[in-house]
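File shown: data.cif (mmCIF, C-alpha atoms).
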data_work
loop_
_atom_site.group_PDB
_atom_site.id
_atom_site.type_symbol
_atom_site.label_atom_id
_atom_site.label_comp_id
_atom_site.auth_asym_id
_atom_site.auth_seq_id
_atom_site.Cartn_x
_atom_site.Cartn_y
_atom_site.Cartn_z
ATOM 1 C CA MET A 1 88.282 155.292 135.486
ATOM 2 C CA TYR A 2 87.423 153.033 138.376
ATOM 3 C CA LEU A 3 90.475 153.832 140.527
ATOM 4 C CA GLN A 4 90.126 157.570 139.961
ATOM 5 C CA SER A 5 86.516 157.404 141.110
ATOM 6 C CA ASN A 6 87.893 155.834 144.306
ATOM 7 C CA GLY A 7 90.306 158.702 144.972
ATOM 8 C CA ALA A 8 93.464 157.436 143.270
ATOM 9 C CA THR A 9 95.700 159.499 141.045
ATOM 10 C CA VAL A 10 96.403 157.458 137.929
ATOM 11 C CA ASP A 11 99.118 157.983 135.307
ATOM 12 C CA VAL A 12 98.658 155.763 132.251
ATOM 13 C CA THR A 13 101.571 154.662 130.082
ATOM 14 C CA GLU A 14 101.165 152.437 127.037
ATOM 15 C CA ASP A 15 103.947 149.850 127.045
ATOM 16 C CA PRO A 16 104.371 147.297 124.261
ATOM 17 C CA GLY A 17 106.743 145.393 126.583
ATOM 18 C CA ARG A 18 104.166 145.081 129.366
ATOM 19 C CA ALA A 19 104.515 141.296 129.679
ATOM 20 C CA GLU A 20 108.230 141.676 130.365
ATOM 21 C CA PHE A 21 107.543 144.501 132.809
ATOM 22 C CA ARG A 22 104.898 142.408 134.612
ATOM 23 C CA THR A 23 107.339 139.522 134.949
ATOM 24 C CA SER A 24 110.119 141.830 136.150
ATOM 25 C CA GLN A 25 107.820 142.990 138.956
ATOM 26 C CA GLY A 26 107.311 139.416 140.163
ATOM 27 C CA ILE A 27 103.877 138.754 138.646
ATOM 28 C CA PRO A 28 103.828 135.223 137.153
ATOM 29 C CA ASP A 29 102.024 134.342 133.933
ATOM 30 C CA THR A 30 99.447 132.405 135.980
ATOM 31 C CA ALA A 31 98.293 135.725 137.479
ATOM 32 C CA ALA A 32 98.332 137.691 134.213
ATOM 33 C CA SER A 33 95.507 140.025 133.335
ATOM 34 C CA CYS A 34 94.883 142.961 131.025
ATOM 35 C CA HIS A 35 97.172 145.569 132.588
ATOM 36 C CA THR A 36 99.766 146.129 135.295
ATOM 37 C CA GLY A 37 99.969 149.061 137.682
ATOM 38 C CA MET A 38 102.402 150.088 140.372
ATOM 39 C CA VAL A 39 101.641 151.679 143.733
ATOM 40 C CA ASP A 40 104.196 152.251 146.489
ATOM 41 C CA GLY A 41 106.462 149.493 145.178
ATOM 42 C CA TYR A 42 103.689 146.922 144.722
ATOM 43 C CA ALA A 43 102.514 145.570 141.368
ATOM 44 C CA ILE A 44 98.756 145.550 140.812
ATOM 45 C CA GLU A 45 97.715 143.132 138.073
ATOM 46 C CA GLY A 46 94.274 143.456 136.513
ATOM 47 C CA HIS A 47 91.048 144.889 137.890
ATOM 48 C CA VAL A 48 91.894 144.652 141.587
ATOM 49 C CA PRO A 49 89.227 146.328 143.755
ATOM 50 C CA ALA A 50 90.221 149.609 145.417
ATOM 51 C CA GLU A 51 89.439 148.143 148.853
ATOM 52 C CA ALA A 52 92.013 145.375 148.333
ATOM 53 C CA ILE A 53 94.647 147.902 147.242
ATOM 54 C CA GLN A 54 93.917 150.028 150.316
ATOM 55 C CA ARG A 55 94.266 146.951 152.541
ATOM 56 C CA LEU A 56 97.578 146.080 150.849
ATOM 57 C CA LEU A 57 98.921 149.578 151.532
ATOM 58 C CA THR A 58 97.758 149.464 155.151
ATOM 59 C CA GLU A 59 99.095 145.981 155.952
ATOM 60 C CA ARG A 60 102.242 146.282 153.770
ATOM 61 C CA PRO A 61 102.986 142.526 153.463
ATOM 62 C CA ASP A 62 106.334 141.374 152.094
ATOM 63 C CA ALA A 63 104.946 140.563 148.649
ATOM 64 C CA ALA A 64 105.259 141.510 144.997
ATOM 65 C CA GLY A 65 101.682 142.772 144.855
ATOM 66 C CA LEU A 66 98.087 141.822 144.094
ATOM 67 C CA ALA A 67 96.420 140.205 141.112
ATOM 68 C CA LEU A 68 92.928 139.510 139.878
ATOM 69 C CA PRO A 69 93.889 136.949 137.216
ATOM 70 C CA GLY A 70 92.130 136.904 133.883
ATOM 71 C CA MET A 71 89.531 139.481 132.946
ATOM 72 C CA PRO A 72 86.385 138.606 134.922
ATOM 73 C CA GLY A 73 83.430 140.447 133.423
ATOM 74 C CA ASP A 74 82.008 141.424 136.788
ATOM 75 C CA ALA A 75 85.260 142.858 138.196
ATOM 76 C CA PRO A 76 85.504 146.543 139.139
ATOM 77 C CA GLY A 77 86.091 148.683 136.079
ATOM 78 C CA MET A 78 84.751 145.995 133.726
ATOM 79 C CA GLY A 79 81.147 147.137 133.901
ATOM 80 C CA GLY A 80 80.483 145.137 137.040
ATOM 81 C CA ASP A 81 81.235 147.852 139.577
ATOM 82 C CA THR A 82 77.820 147.519 141.183
ATOM 83 C CA ALA A 83 77.601 143.743 140.856
ATOM 84 C CA SER A 84 78.839 141.315 143.450
ATOM 85 C CA TRP A 85 82.260 140.022 142.436
ATOM 86 C CA ALA A 86 82.636 137.890 145.565
ATOM 87 C CA ASP A 87 83.447 134.854 143.430
ATOM 88 C CA GLN A 88 86.532 136.606 142.018
ATOM 89 C CA PRO A 89 89.394 136.145 144.485
ATOM 90 C CA VAL A 90 92.096 138.773 144.689
ATOM 91 C CA MET A 91 95.424 137.017 145.046
ATOM 92 C CA LEU A 92 98.470 138.156 146.993
ATOM 93 C CA VAL A 93 101.486 137.556 144.779
ATOM 94 C CA ASN A 94 104.285 136.364 147.015
ATOM 95 C CA ARG A 95 107.908 137.201 146.246
ATOM 96 C CA ASP A 96 108.486 133.624 145.010
ATOM 97 C CA GLY A 97 105.640 134.007 142.488
ATOM 98 C CA SER A 98 103.206 131.831 144.407
ATOM 99 C CA LEU A 99 99.648 133.056 144.956
ATOM 100 C CA THR A 100 97.719 133.259 148.214
ATOM 101 C CA ALA A 101 94.079 134.301 148.585
ATOM 102 C CA PHE A 102 94.021 137.905 149.833
ATOM 103 C CA ALA A 103 90.420 139.065 149.462
ATOM 104 C CA TYR A 104 87.111 137.967 147.987
#

If you took the structure in this file and wrote it as structure tokens, what would it be?
Amino acid sequence: MYLQSNGATVDVTEDPGRAEFRTSQGIPDTAASCHTGMVDGYAIEGHVPAEAIQRLLTERPDAAGLALPGMPGDAPGMGGDTASWADQPVMLVNRDGSLTAFAY
């Protein structure tokens, strides 16, 4: 797994109610992706790069979490780990559900 190869400990749980869980964590449908994770109280939606997650945990903004909306084929963990995914913006999900560019 991509995050494990970047030093993270990952526990995977299959959840048929994931959409409801995602919404309950403050991630709007406009930021939806293929899976939702949690780290230190933040929701991580989709294939967010490890560097962006590390920055989130260092800066600790007042936000719901991060999202890489959709399922971009060149995102980390999607077979594009060595490709440039600079065109895929990671979004900070604000507590009101709005999105702000966080990293590229």

Set the distance at 8 Å and use all atoms listed in the file: which residues neighbour Thr36 of chain A once local chain neighbours fewer than 2 positions away are removed? I'd like the list as a PyMOL selection string.
chain A and resi 18+22+33-34+38+43-46

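Considering the residues A:Glu14, A:Asp96, A:Pro89, A:Pro28 and counting all atoms listed in the file, His47 of chain A has its shortest atom-to-atom contact with A:Pro89.
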
Which one is closest to Leu3 of chain A: A:Ala32, A:Ala52, A:Ala64, A:Ala103? Count only C-alpha atoms.
A:Ala52

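Distances from A:His35, A:Leu99, A:Val90, A:Pro61 to Thr13 of chain A were compared using all atoms listed in the file, and the smallest one belongs to A:His35.
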
Separation of atom CA of Gly7 of chain A from atom CA of Glu59 of chain A in Å:
19.0 Å

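The shortest atom-to-atom distance to Val93 of chain A, with all atoms listed in the file taken into account, belongs to A:Ala31 out of A:Ala50, A:Leu57, A:Ala31, A:Met1.
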
Could you tell me, as a count of residues only, which residues have any atom at most 9 Å from (95.3, 148.7, 146.2), counting all atoms listed in the file?
15

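Separating atom CA of Asp62 of chain A from atom CA of Arg95 of chain A is a distance of 7.4 Å.
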
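What separates atom CA of Val10 of chain A from atom CA of Met91 of chain A is a distance of 21.7 Å.
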
Counting all atoms listed in the file, the option among A:Ala63, A:Gly26, A:Gly37, A:Asn94 closest to Val12 of chain A:
A:Gly37
